[in-house]
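Shown next: target.tsv, given as TSV, C-alpha atoms.
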```tsv
chain	number	residue	atom	x	y	z
D	49	MET	CA	0.00	0.00	0.00
D	50	ASN	CA	1.24	3.47	-0.92
D	51	LYS	CA	2.12	5.20	2.35
D	52	PHE	CA	0.46	8.40	1.13
D	53	ALA	CA	-2.78	6.63	0.17
D	54	LYS	CA	-5.76	6.99	2.45
D	55	PRO	CA	-6.40	3.66	4.24
D	56	GLN	CA	-9.47	1.89	2.87
D	57	LEU	CA	-11.89	-0.41	4.66
D	58	ASN	CA	-11.39	-4.02	3.62
D	59	GLU	CA	-14.74	-5.60	2.72
D	60	ILE	CA	-13.53	-9.13	3.49
D	61	ILE	CA	-12.28	-8.24	6.96
D	62	HIS	CA	-15.03	-5.75	7.79
D	63	ALA	CA	-17.73	-8.41	8.40
D	64	PRO	CA	-18.12	-8.55	12.24
D	65	ASN	CA	-17.19	-12.21	12.76
D	66	ARG	CA	-14.22	-12.07	10.40
D	67	LEU	CA	-13.04	-8.83	12.00
D	68	ARG	CA	-13.03	-10.48	15.44
D	69	ILE	CA	-11.23	-13.55	14.10
D	70	CYS	CA	-8.52	-11.32	12.61
D	71	ALA	CA	-8.26	-9.22	15.79
D	72	PHE	CA	-7.82	-12.36	17.91
D	73	LEU	CA	-5.27	-13.92	15.56
D	74	ASP	CA	-3.34	-10.66	15.25
D	75	GLY	CA	-2.70	-10.87	19.01
D	76	VAL	CA	-1.48	-14.46	18.98
D	77	GLU	CA	0.40	-16.48	16.37
D	78	SER	CA	-2.19	-19.22	15.92
D	79	ALA	CA	-5.36	-20.45	17.57
D	80	GLU	CA	-7.36	-23.65	17.58
D	81	PHE	CA	-10.74	-23.76	15.82
D	82	SER	CA	-12.76	-24.35	19.03
D	83	VAL	CA	-11.12	-21.38	20.77
D	84	LEU	CA	-12.14	-19.05	17.93
D	85	ARG	CA	-15.64	-20.55	17.78
D	86	GLU	CA	-16.04	-20.07	21.54
D	87	MET	CA	-14.86	-16.46	21.26
D	88	LEU	CA	-17.49	-15.74	18.60
D	89	GLY	CA	-20.20	-17.88	20.18
D	90	VAL	CA	-21.26	-19.37	16.83
D	91	ALA	CA	-21.90	-22.84	15.39
D	92	ASP	CA	-19.15	-24.93	13.78
D	93	SER	CA	-20.64	-24.38	10.32
D	94	VAL	CA	-20.63	-20.58	10.69
D	95	MET	CA	-17.07	-20.66	11.98
D	96	SER	CA	-15.90	-22.88	9.11
D	97	LYS	CA	-17.52	-20.58	6.56
D	98	GLN	CA	-15.83	-17.47	7.96
D	99	LEU	CA	-12.44	-19.18	8.10
D	100	LYS	CA	-12.82	-20.42	4.51
D	101	VAL	CA	-13.56	-16.88	3.30
D	102	LEU	CA	-10.41	-15.57	4.99
D	103	GLU	CA	-8.39	-18.54	3.72
D	104	GLY	CA	-9.72	-18.00	0.19
D	105	ALA	CA	-8.57	-14.38	0.31
D	106	GLY	CA	-5.08	-15.54	1.29
D	107	TYR	CA	-5.41	-13.90	4.70
D	108	LEU	CA	-5.30	-17.05	6.77
D	109	THR	CA	-3.82	-20.54	6.77
D	110	LEU	CA	-5.54	-23.58	8.24
D	111	THR	CA	-3.48	-26.55	9.41
D	112	LYS	CA	-4.54	-29.89	10.85
D	113	ASP	CA	-2.89	-31.13	14.03
D	114	ALA	CA	-3.51	-34.70	15.25
D	115	SER	CA	-3.29	-35.10	19.00
D	116	LYS	CA	-4.55	-38.05	21.05
D	117	GLY	CA	-6.32	-39.44	17.99
D	118	ARG	CA	-8.32	-36.23	17.42
D	119	ILE	CA	-7.64	-33.93	14.53
D	120	LYS	CA	-7.71	-30.27	15.45
D	121	THR	CA	-7.67	-27.33	13.05
D	122	TRP	CA	-5.38	-24.41	13.78
D	123	ALA	CA	-5.71	-20.99	12.14
D	124	ALA	CA	-3.03	-18.34	11.68
D	125	LEU	CA	-2.95	-15.05	9.81
D	126	THR	CA	-0.65	-14.92	6.81
D	127	ARG	CA	1.69	-11.97	6.30
D	128	THR	CA	-0.80	-10.60	3.75
D	129	GLY	CA	-3.67	-11.10	6.19
D	130	ARG	CA	-1.84	-9.34	9.01
D	131	SER	CA	-1.02	-6.42	6.75
D	132	ALA	CA	-4.61	-6.20	5.43
D	133	TYR	CA	-5.95	-6.29	9.00
D	134	THR	CA	-3.52	-3.54	10.09
D	135	ASP	CA	-4.62	-1.35	7.16
D	136	HIS	CA	-8.26	-2.02	8.00
D	137	VAL	CA	-7.74	-0.91	11.61
D	138	LYS	CA	-6.00	2.24	10.34
D	139	ALA	CA	-9.01	2.95	8.10
D	140	LEU	CA	-11.39	2.47	11.06
D	141	LYS	CA	-9.32	4.83	13.19
D	142	ALA	CA	-9.28	7.39	10.40
D	143	LEU	CA	-13.08	7.21	10.24
D	144	VAL	CA	-13.44	7.96	13.95
D	145	GLY	CA	-10.79	10.65	13.70
D	146	ASP	CA	-8.25	8.77	15.82
D	147	ALA	CA	-5.57	8.04	13.20
N	64	MET	CA	-24.22	9.55	6.65
N	65	GLU	CA	-20.79	10.48	8.00
N	66	ASN	CA	-22.00	10.02	11.56
N	67	GLU	CA	-23.34	6.60	10.65
N	68	ALA	CA	-19.96	5.55	9.23
N	69	ARG	CA	-18.19	6.89	12.31
N	70	SER	CA	-20.54	5.07	14.63
N	71	GLU	CA	-20.04	1.84	12.67
N	72	ALA	CA	-16.27	2.27	12.85
N	73	GLN	CA	-16.46	2.84	16.61
N	74	GLU	CA	-18.46	-0.36	16.99
N	75	ALA	CA	-15.89	-2.24	14.92
N	76	LEU	CA	-13.03	-0.91	17.07
N	77	LEU	CA	-14.93	-1.98	20.17
N	78	ALA	CA	-15.35	-5.48	18.70
N	79	ILE	CA	-11.60	-5.57	18.02
N	80	ALA	CA	-10.83	-4.55	21.60
N	81	ASN	CA	-13.13	-7.31	22.90
N	82	ALA	CA	-11.48	-9.94	20.69
N	83	ARG	CA	-8.04	-8.84	21.89
N	84	ARG	CA	-9.21	-9.07	25.51
N	85	SER	CA	-10.39	-12.63	24.79
N	86	ALA	CA	-6.91	-13.39	23.45
N	87	ALA	CA	-5.34	-11.88	26.60
N	88	GLU	CA	-7.43	-14.23	28.75
N	89	ARG	CA	-6.25	-17.19	26.67
N	90	VAL	CA	-2.52	-16.58	26.92
N	91	LEU	CA	-2.30	-17.65	30.54
N	92	THR	CA	0.82	-19.78	30.76
N	93	PRO	CA	0.49	-22.73	33.17
N	94	TRP	CA	2.61	-22.22	36.34
N	95	TRP	CA	4.87	-25.17	35.47
N	96	TYR	CA	5.73	-24.05	31.93
N	97	HIS	CA	8.62	-21.67	32.62
N	98	PRO	CA	10.18	-23.72	35.47
N	99	VAL	CA	10.25	-26.81	33.21
N	100	LEU	CA	11.66	-24.72	30.33
N	101	GLY	CA	14.22	-23.28	32.76
N	102	LEU	CA	15.27	-26.78	33.86
N	103	LEU	CA	15.68	-27.89	30.24
N	104	VAL	CA	17.82	-24.84	29.41
N	105	ALA	CA	19.89	-25.18	32.61
N	106	GLY	CA	20.44	-28.87	31.83
N	107	PHE	CA	21.50	-27.96	28.29
N	108	VAL	CA	24.13	-25.53	29.66
N	109	LEU	CA	25.49	-28.10	32.15
N	110	ILE	CA	25.68	-30.93	29.63
N	111	TYR	CA	27.28	-28.77	26.96
N	112	ALA	CA	29.92	-27.45	29.37
N	113	LEU	CA	30.69	-30.64	31.28
N	114	GLY	CA	29.50	-33.68	29.35
N	115	SER	CA	31.39	-36.12	27.14
N	116	PRO	CA	30.47	-36.15	23.40
N	117	ALA	CA	28.09	-39.09	23.96
N	118	VAL	CA	26.39	-37.34	26.91
N	119	MET	CA	26.16	-34.11	24.87
N	120	ALA	CA	24.49	-35.92	21.96
N	121	ALA	CA	21.98	-37.60	24.27
N	122	GLY	CA	21.43	-34.34	26.18
N	123	ILE	CA	20.70	-32.38	23.02
N	124	ALA	CA	18.19	-35.03	21.91
N	125	VAL	CA	16.48	-34.94	25.33
N	126	TYR	CA	16.49	-31.11	25.26
N	127	PHE	CA	14.74	-30.82	21.90
N	128	ALA	CA	12.32	-33.65	22.70
N	129	GLY	CA	11.52	-31.91	26.00
N	130	ILE	CA	10.88	-28.59	24.23
N	131	ALA	CA	8.59	-30.32	21.71
N	132	VAL	CA	6.57	-32.00	24.48
N	133	LEU	CA	6.37	-28.76	26.49
N	134	VAL	CA	5.14	-26.72	23.52
N	135	GLY	CA	2.64	-29.46	22.61
N	136	LEU	CA	1.23	-29.48	26.17
N	137	TYR	CA	0.95	-25.69	26.19
N	138	ARG	CA	-0.82	-25.59	22.82
N	139	ARG	CA	-3.24	-28.33	23.86
N	140	LYS	CA	-4.03	-26.63	27.17
N	141	ALA	CA	-4.27	-23.02	25.94
N	142	GLY	CA	-5.61	-23.59	22.42
N	143	VAL	CA	-3.40	-20.75	21.23
N	144	TRP	CA	0.28	-20.31	20.45
N	145	VAL	CA	2.40	-17.18	20.67
N	146	SER	CA	6.01	-17.30	19.52
N	147	GLY	CA	8.31	-15.52	21.96
N	148	PHE	CA	10.06	-13.75	19.09
N	149	GLN	CA	6.96	-12.54	17.24
N	150	ALA	CA	4.96	-10.93	20.01
N	151	GLY	CA	5.58	-7.23	19.50
N	152	ALA	CA	7.03	-5.33	22.44
N	153	ALA	CA	6.72	-8.40	24.70
N	154	SER	CA	9.37	-10.12	22.55
N	155	ARG	CA	12.04	-7.95	24.14
N	156	TRP	CA	11.99	-10.37	27.11
N	157	ALA	CA	12.56	-13.33	24.80
N	158	TYR	CA	15.53	-11.52	23.25
N	159	VAL	CA	16.90	-10.67	26.73
N	160	ALA	CA	16.67	-14.37	27.73
N	161	MET	CA	18.24	-15.47	24.42
N	162	SER	CA	21.14	-13.00	24.76
N	163	LEU	CA	21.84	-14.06	28.34
N	164	PHE	CA	21.63	-17.71	27.28
N	165	VAL	CA	24.34	-17.15	24.64
N	166	LEU	CA	26.48	-15.29	27.19
N	167	PHE	CA	26.13	-17.86	30.00
N	168	MET	CA	26.53	-20.74	27.57
N	169	ALA	CA	29.85	-19.32	26.32
N	170	LEU	CA	31.05	-18.64	29.87
N	171	ALA	CA	30.02	-22.13	31.02
N	172	VAL	CA	31.86	-23.82	28.14
N	173	VAL	CA	35.05	-21.80	28.72
N	174	VAL	CA	34.99	-22.34	32.50
N	175	GLY	CA	33.90	-25.99	32.32
N	176	ARG	CA	36.35	-27.04	29.60
N	177	PHE	CA	39.38	-24.91	30.40
N	178	THR	CA	39.42	-24.21	34.16
N	179	PRO	CA	39.10	-26.35	37.31
N	180	HIS	CA	36.20	-24.20	38.62
N	181	VAL	CA	33.44	-26.61	37.68
N	182	TRP	CA	31.16	-25.24	40.42
N	183	LEU	CA	30.85	-22.03	38.39
N	184	VAL	CA	29.16	-23.98	35.59
N	185	TRP	CA	26.47	-25.00	38.08
N	186	VAL	CA	26.06	-21.34	39.02
N	187	PHE	CA	25.60	-20.42	35.33
N	188	GLY	CA	23.06	-23.24	34.95
N	189	ALA	CA	21.13	-22.03	38.01
N	190	ALA	CA	21.30	-18.45	36.70
N	191	MET	CA	19.77	-19.58	33.39
N	192	PHE	CA	16.93	-21.30	35.26
N	193	VAL	CA	16.14	-18.05	37.11
N	194	ILE	CA	16.49	-15.95	33.92
N	195	ILE	CA	14.07	-18.17	31.99
N	196	VAL	CA	11.47	-18.12	34.78
N	197	VAL	CA	11.74	-14.34	35.35
N	198	CYS	CA	11.85	-13.36	31.65
N	199	GLY	CA	8.99	-15.80	30.96
N	200	ARG	CA	6.78	-14.18	33.58
N	201	LEU	CA	7.67	-10.67	32.35
N	202	PHE	CA	6.93	-11.72	28.76
N	203	ASP	CA	3.50	-13.02	29.77
N	204	MET	CA	2.66	-9.85	31.71
N	205	LYS	CA	3.70	-7.57	28.84
N	206	LEU	CA	1.87	-9.69	26.26
N	207	ARG	CA	-1.39	-9.60	28.22
N	208	ALA	CA	-1.03	-5.86	28.83
N	209	GLN	CA	-0.49	-5.09	25.13
N	210	LEU	CA	-3.45	-7.25	24.14
N	211	ARG	CA	-5.66	-5.29	26.55
N	212	GLU	CA	-4.45	-1.96	25.17
N	213	THR	CA	-6.59	-0.11	22.64
N	214	PRO	CA	-5.81	-1.55	19.19
```
Translate the structure described by the file into C-alpha coordinates.
Amino acid sequence: MNKFAKPQLNEIIHAPNRLRICAFLDGVESAEFSVLREMLGVADSVMSKQLKVLEGAGYLTLTKDASKGRIKTWAALTRTGRSAYTDHVKALKALVGDA
Amino acid sequence: MENEARSEAQEALLAIANARRSAAERVLTPWWYHPVLGLLVAGFVLIYALGSPAVMAAGIAVYFAGIAVLVGLYRRKAGVWVSGFQAGAASRWAYVAMSLFVLFMALAVVVGRFTPHVWLVWVFGAAMFVIIVVCGRLFDMKLRAQLRETP
(Lines of atoms letter the chains of each structure in order from A and count residues from 1; the text may use other names and numbers.)
(Lines give C-alpha, C1' and ligand atoms only; values in the text may rest on other atoms or scores of the structure.)
Protein backbone atom coordinates (compact mmCIF):
# COMPACT_ATOMS: atom_id res chain seq x y z
CA MET A 1 0.00 0.00 0.00
CA ASN A 2 1.24 3.47 -0.92
CA LYS A 3 2.12 5.20 2.35
CA PHE A 4 0.46 8.40 1.13
CA ALA A 5 -2.78 6.63 0.17
CA LYS A 6 -5.76 6.99 2.45
CA PRO A 7 -6.40 3.66 4.24
CA GLN A 8 -9.47 1.89 2.87
CA LEU A 9 -11.89 -0.41 4.66
CA ASN A 10 -11.39 -4.02 3.62
CA GLU A 11 -14.74 -5.60 2.72
CA ILE A 12 -13.53 -9.13 3.49
CA ILE A 13 -12.28 -8.24 6.96
CA HIS A 14 -15.03 -5.75 7.79
CA ALA A 15 -17.73 -8.41 8.40
CA PRO A 16 -18.12 -8.55 12.24
CA ASN A 17 -17.19 -12.21 12.76
CA ARG A 18 -14.22 -12.07 10.40
CA LEU A 19 -13.04 -8.83 12.00
CA ARG A 20 -13.03 -10.48 15.44
CA ILE A 21 -11.23 -13.55 14.10
CA CYS A 22 -8.52 -11.32 12.61
CA ALA A 23 -8.26 -9.22 15.79
CA PHE A 24 -7.82 -12.36 17.91
CA LEU A 25 -5.27 -13.92 15.56
CA ASP A 26 -3.34 -10.66 15.25
CA GLY A 27 -2.70 -10.87 19.01
CA VAL A 28 -1.48 -14.46 18.98
CA GLU A 29 0.40 -16.48 16.37
CA SER A 30 -2.19 -19.22 15.92
CA ALA A 31 -5.36 -20.45 17.57
CA GLU A 32 -7.36 -23.65 17.58
CA PHE A 33 -10.74 -23.76 15.82
CA SER A 34 -12.76 -24.35 19.03
CA VAL A 35 -11.12 -21.38 20.77
CA LEU A 36 -12.14 -19.05 17.93
CA ARG A 37 -15.64 -20.55 17.78
CA GLU A 38 -16.04 -20.07 21.54
CA MET A 39 -14.86 -16.46 21.26
CA LEU A 40 -17.49 -15.74 18.60
CA GLY A 41 -20.20 -17.88 20.18
CA VAL A 42 -21.26 -19.37 16.83
CA ALA A 43 -21.90 -22.84 15.39
CA ASP A 44 -19.15 -24.93 13.78
CA SER A 45 -20.64 -24.38 10.32
CA VAL A 46 -20.63 -20.58 10.69
CA MET A 47 -17.07 -20.66 11.98
CA SER A 48 -15.90 -22.88 9.11
CA LYS A 49 -17.52 -20.58 6.56
CA GLN A 50 -15.83 -17.47 7.96
CA LEU A 51 -12.44 -19.18 8.10
CA LYS A 52 -12.82 -20.42 4.51
CA VAL A 53 -13.56 -16.88 3.30
CA LEU A 54 -10.41 -15.57 4.99
CA GLU A 55 -8.39 -18.54 3.72
CA GLY A 56 -9.72 -18.00 0.19
CA ALA A 57 -8.57 -14.38 0.31
CA GLY A 58 -5.08 -15.54 1.29
CA TYR A 59 -5.41 -13.90 4.70
CA LEU A 60 -5.30 -17.05 6.77
CA THR A 61 -3.82 -20.54 6.77
CA LEU A 62 -5.54 -23.58 8.24
CA THR A 63 -3.48 -26.55 9.41
CA LYS A 64 -4.54 -29.89 10.85
CA ASP A 65 -2.89 -31.13 14.03
CA ALA A 66 -3.51 -34.70 15.25
CA SER A 67 -3.29 -35.10 19.00
CA LYS A 68 -4.55 -38.05 21.05
CA GLY A 69 -6.32 -39.44 17.99
CA ARG A 70 -8.32 -36.23 17.42
CA ILE A 71 -7.64 -33.93 14.53
CA LYS A 72 -7.71 -30.27 15.45
CA THR A 73 -7.67 -27.33 13.05
CA TRP A 74 -5.38 -24.41 13.78
CA ALA A 75 -5.71 -20.99 12.14
CA ALA A 76 -3.03 -18.34 11.68
CA LEU A 77 -2.95 -15.05 9.81
CA THR A 78 -0.65 -14.92 6.81
CA ARG A 79 1.69 -11.97 6.30
CA THR A 80 -0.80 -10.60 3.75
CA GLY A 81 -3.67 -11.10 6.19
CA ARG A 82 -1.84 -9.34 9.01
CA SER A 83 -1.02 -6.42 6.75
CA ALA A 84 -4.61 -6.20 5.43
CA TYR A 85 -5.95 -6.29 9.00
CA THR A 86 -3.52 -3.54 10.09
CA ASP A 87 -4.62 -1.35 7.16
CA HIS A 88 -8.26 -2.02 8.00
CA VAL A 89 -7.74 -0.91 11.61
CA LYS A 90 -6.00 2.24 10.34
CA ALA A 91 -9.01 2.95 8.10
CA LEU A 92 -11.39 2.47 11.06
CA LYS A 93 -9.32 4.83 13.19
CA ALA A 94 -9.28 7.39 10.40
CA LEU A 95 -13.08 7.21 10.24
CA VAL A 96 -13.44 7.96 13.95
CA GLY A 97 -10.79 10.65 13.70
CA ASP A 98 -8.25 8.77 15.82
CA ALA A 99 -5.57 8.04 13.20
CA MET B 1 -24.22 9.55 6.65
CA GLU B 2 -20.79 10.48 8.00
CA ASN B 3 -22.00 10.02 11.56
CA GLU B 4 -23.34 6.60 10.65
CA ALA B 5 -19.96 5.55 9.23
CA ARG B 6 -18.19 6.89 12.31
CA SER B 7 -20.54 5.07 14.63
CA GLU B 8 -20.04 1.84 12.67
CA ALA B 9 -16.27 2.27 12.85
CA GLN B 10 -16.46 2.84 16.61
CA GLU B 11 -18.46 -0.36 16.99
CA ALA B 12 -15.89 -2.24 14.92
CA LEU B 13 -13.03 -0.91 17.07
CA LEU B 14 -14.93 -1.98 20.17
CA ALA B 15 -15.35 -5.48 18.70
CA ILE B 16 -11.60 -5.57 18.02
CA ALA B 17 -10.83 -4.55 21.60
CA ASN B 18 -13.13 -7.31 22.90
CA ALA B 19 -11.48 -9.94 20.69
CA ARG B 20 -8.04 -8.84 21.89
CA ARG B 21 -9.21 -9.07 25.51
CA SER B 22 -10.39 -12.63 24.79
CA ALA B 23 -6.91 -13.39 23.45
CA ALA B 24 -5.34 -11.88 26.60
CA GLU B 25 -7.43 -14.23 28.75
CA ARG B 26 -6.25 -17.19 26.67
CA VAL B 27 -2.52 -16.58 26.92
CA LEU B 28 -2.30 -17.65 30.54
CA THR B 29 0.82 -19.78 30.76
CA PRO B 30 0.49 -22.73 33.17
CA TRP B 31 2.61 -22.22 36.34
CA TRP B 32 4.87 -25.17 35.47
CA TYR B 33 5.73 -24.05 31.93
CA HIS B 34 8.62 -21.67 32.62
CA PRO B 35 10.18 -23.72 35.47
CA VAL B 36 10.25 -26.81 33.21
CA LEU B 37 11.66 -24.72 30.33
CA GLY B 38 14.22 -23.28 32.76
CA LEU B 39 15.27 -26.78 33.86
CA LEU B 40 15.68 -27.89 30.24
CA VAL B 41 17.82 -24.84 29.41
CA ALA B 42 19.89 -25.18 32.61
CA GLY B 43 20.44 -28.87 31.83
CA PHE B 44 21.50 -27.96 28.29
CA VAL B 45 24.13 -25.53 29.66
CA LEU B 46 25.49 -28.10 32.15
CA ILE B 47 25.68 -30.93 29.63
CA TYR B 48 27.28 -28.77 26.96
CA ALA B 49 29.92 -27.45 29.37
CA LEU B 50 30.69 -30.64 31.28
CA GLY B 51 29.50 -33.68 29.35
CA SER B 52 31.39 -36.12 27.14
CA PRO B 53 30.47 -36.15 23.40
CA ALA B 54 28.09 -39.09 23.96
CA VAL B 55 26.39 -37.34 26.91
CA MET B 56 26.16 -34.11 24.87
CA ALA B 57 24.49 -35.92 21.96
CA ALA B 58 21.98 -37.60 24.27
CA GLY B 59 21.43 -34.34 26.18
CA ILE B 60 20.70 -32.38 23.02
CA ALA B 61 18.19 -35.03 21.91
CA VAL B 62 16.48 -34.94 25.33
CA TYR B 63 16.49 -31.11 25.26
CA PHE B 64 14.74 -30.82 21.90
CA ALA B 65 12.32 -33.65 22.70
CA GLY B 66 11.52 -31.91 26.00
CA ILE B 67 10.88 -28.59 24.23
CA ALA B 68 8.59 -30.32 21.71
CA VAL B 69 6.57 -32.00 24.48
CA LEU B 70 6.37 -28.76 26.49
CA VAL B 71 5.14 -26.72 23.52
CA GLY B 72 2.64 -29.46 22.61
CA LEU B 73 1.23 -29.48 26.17
CA TYR B 74 0.95 -25.69 26.19
CA ARG B 75 -0.82 -25.59 22.82
CA ARG B 76 -3.24 -28.33 23.86
CA LYS B 77 -4.03 -26.63 27.17
CA ALA B 78 -4.27 -23.02 25.94
CA GLY B 79 -5.61 -23.59 22.42
CA VAL B 80 -3.40 -20.75 21.23
CA TRP B 81 0.28 -20.31 20.45
CA VAL B 82 2.40 -17.18 20.67
CA SER B 83 6.01 -17.30 19.52
CA GLY B 84 8.31 -15.52 21.96
CA PHE B 85 10.06 -13.75 19.09
CA GLN B 86 6.96 -12.54 17.24
CA ALA B 87 4.96 -10.93 20.01
CA GLY B 88 5.58 -7.23 19.50
CA ALA B 89 7.03 -5.33 22.44
CA ALA B 90 6.72 -8.40 24.70
CA SER B 91 9.37 -10.12 22.55
CA ARG B 92 12.04 -7.95 24.14
CA TRP B 93 11.99 -10.37 27.11
CA ALA B 94 12.56 -13.33 24.80
CA TYR B 95 15.53 -11.52 23.25
CA VAL B 96 16.90 -10.67 26.73
CA ALA B 97 16.67 -14.37 27.73
CA MET B 98 18.24 -15.47 24.42
CA SER B 99 21.14 -13.00 24.76
CA LEU B 100 21.84 -14.06 28.34
CA PHE B 101 21.63 -17.71 27.28
CA VAL B 102 24.34 -17.15 24.64
CA LEU B 103 26.48 -15.29 27.19
CA PHE B 104 26.13 -17.86 30.00
CA MET B 105 26.53 -20.74 27.57
CA ALA B 106 29.85 -19.32 26.32
CA LEU B 107 31.05 -18.64 29.87
CA ALA B 108 30.02 -22.13 31.02
CA VAL B 109 31.86 -23.82 28.14
CA VAL B 110 35.05 -21.80 28.72
CA VAL B 111 34.99 -22.34 32.50
CA GLY B 112 33.90 -25.99 32.32
CA ARG B 113 36.35 -27.04 29.60
CA PHE B 114 39.38 -24.91 30.40
CA THR B 115 39.42 -24.21 34.16
CA PRO B 116 39.10 -26.35 37.31
CA HIS B 117 36.20 -24.20 38.62
CA VAL B 118 33.44 -26.61 37.68
CA TRP B 119 31.16 -25.24 40.42
CA LEU B 120 30.85 -22.03 38.39
CA VAL B 121 29.16 -23.98 35.59
CA TRP B 122 26.47 -25.00 38.08
CA VAL B 123 26.06 -21.34 39.02
CA PHE B 124 25.60 -20.42 35.33
CA GLY B 125 23.06 -23.24 34.95
CA ALA B 126 21.13 -22.03 38.01
CA ALA B 127 21.30 -18.45 36.70
CA MET B 128 19.77 -19.58 33.39
CA PHE B 129 16.93 -21.30 35.26
CA VAL B 130 16.14 -18.05 37.11
CA ILE B 131 16.49 -15.95 33.92
CA ILE B 132 14.07 -18.17 31.99
CA VAL B 133 11.47 -18.12 34.78
CA VAL B 134 11.74 -14.34 35.35
CA CYS B 135 11.85 -13.36 31.65
CA GLY B 136 8.99 -15.80 30.96
CA ARG B 137 6.78 -14.18 33.58
CA LEU B 138 7.67 -10.67 32.35
CA PHE B 139 6.93 -11.72 28.76
CA ASP B 140 3.50 -13.02 29.77
CA MET B 141 2.66 -9.85 31.71
CA LYS B 142 3.70 -7.57 28.84
CA LEU B 143 1.87 -9.69 26.26
CA ARG B 144 -1.39 -9.60 28.22
CA ALA B 145 -1.03 -5.86 28.83
CA GLN B 146 -0.49 -5.09 25.13
CA LEU B 147 -3.45 -7.25 24.14
CA ARG B 148 -5.66 -5.29 26.55
CA GLU B 149 -4.45 -1.96 25.17
CA THR B 150 -6.59 -0.11 22.64
CA PRO B 151 -5.81 -1.55 19.19
*May I have the residues within 8 Å of range 69-73 of chain N as a PyMOL selection string, using only C-alpha atoms and disregarding those fewer than 2 positions away in the same chain?*
(chain D and resi 140-141+143-144) or (chain N and resi 65-67+75-77)
*Select, from N:Ala150, N:Gly129, N:Thr178, N:Phe107, the residue with the minimum atom-to-atom distance to chain D, counting only C-alpha atoms.*
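Selected residue with least distance to chain D: N:Ala150.
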*asked:* For a quick check of understanding, using all atoms listed in the file, which of N:Ala121, N:Ala208, N:Ala171, N:Leu100 has the smallest distance to chain D?
replied: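 Smallest distance to chain D is found for N:Ala208.
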_What's around Val104 in chain N at 12 Å? Count only C-alpha atoms, leave out sequence neighbours fewer than 2 positions away in its own chain, and write the answer as a ChimeraX atom specification._
/N:97-102,106-111,122-123,125-127,129-130,160-161,163-165,167-168,187-196
*What does the distance between CA of Phe202 in chain N and CA of Ala80 in chain N come to in Å, to one decimal place?*
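Interatomic distance here is 20.4 Å.
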Spatial neighbours of Thr126 in chain D, 6 Å, all atoms listed in the file, chain gap at least 3 places, as a PDB file with C-alpha atoms, keeping the file's coordinate frame:
```pdb
ATOM      1  CA  TYR D 107      -5.410 -13.900   4.700  1.00  0.00           C
ATOM      2  CA  LEU D 108      -5.300 -17.050   6.770  1.00  0.00           C
ATOM      3  CA  GLY D 129      -3.670 -11.100   6.190  1.00  0.00           C
TER       4      GLY D 129
END
```
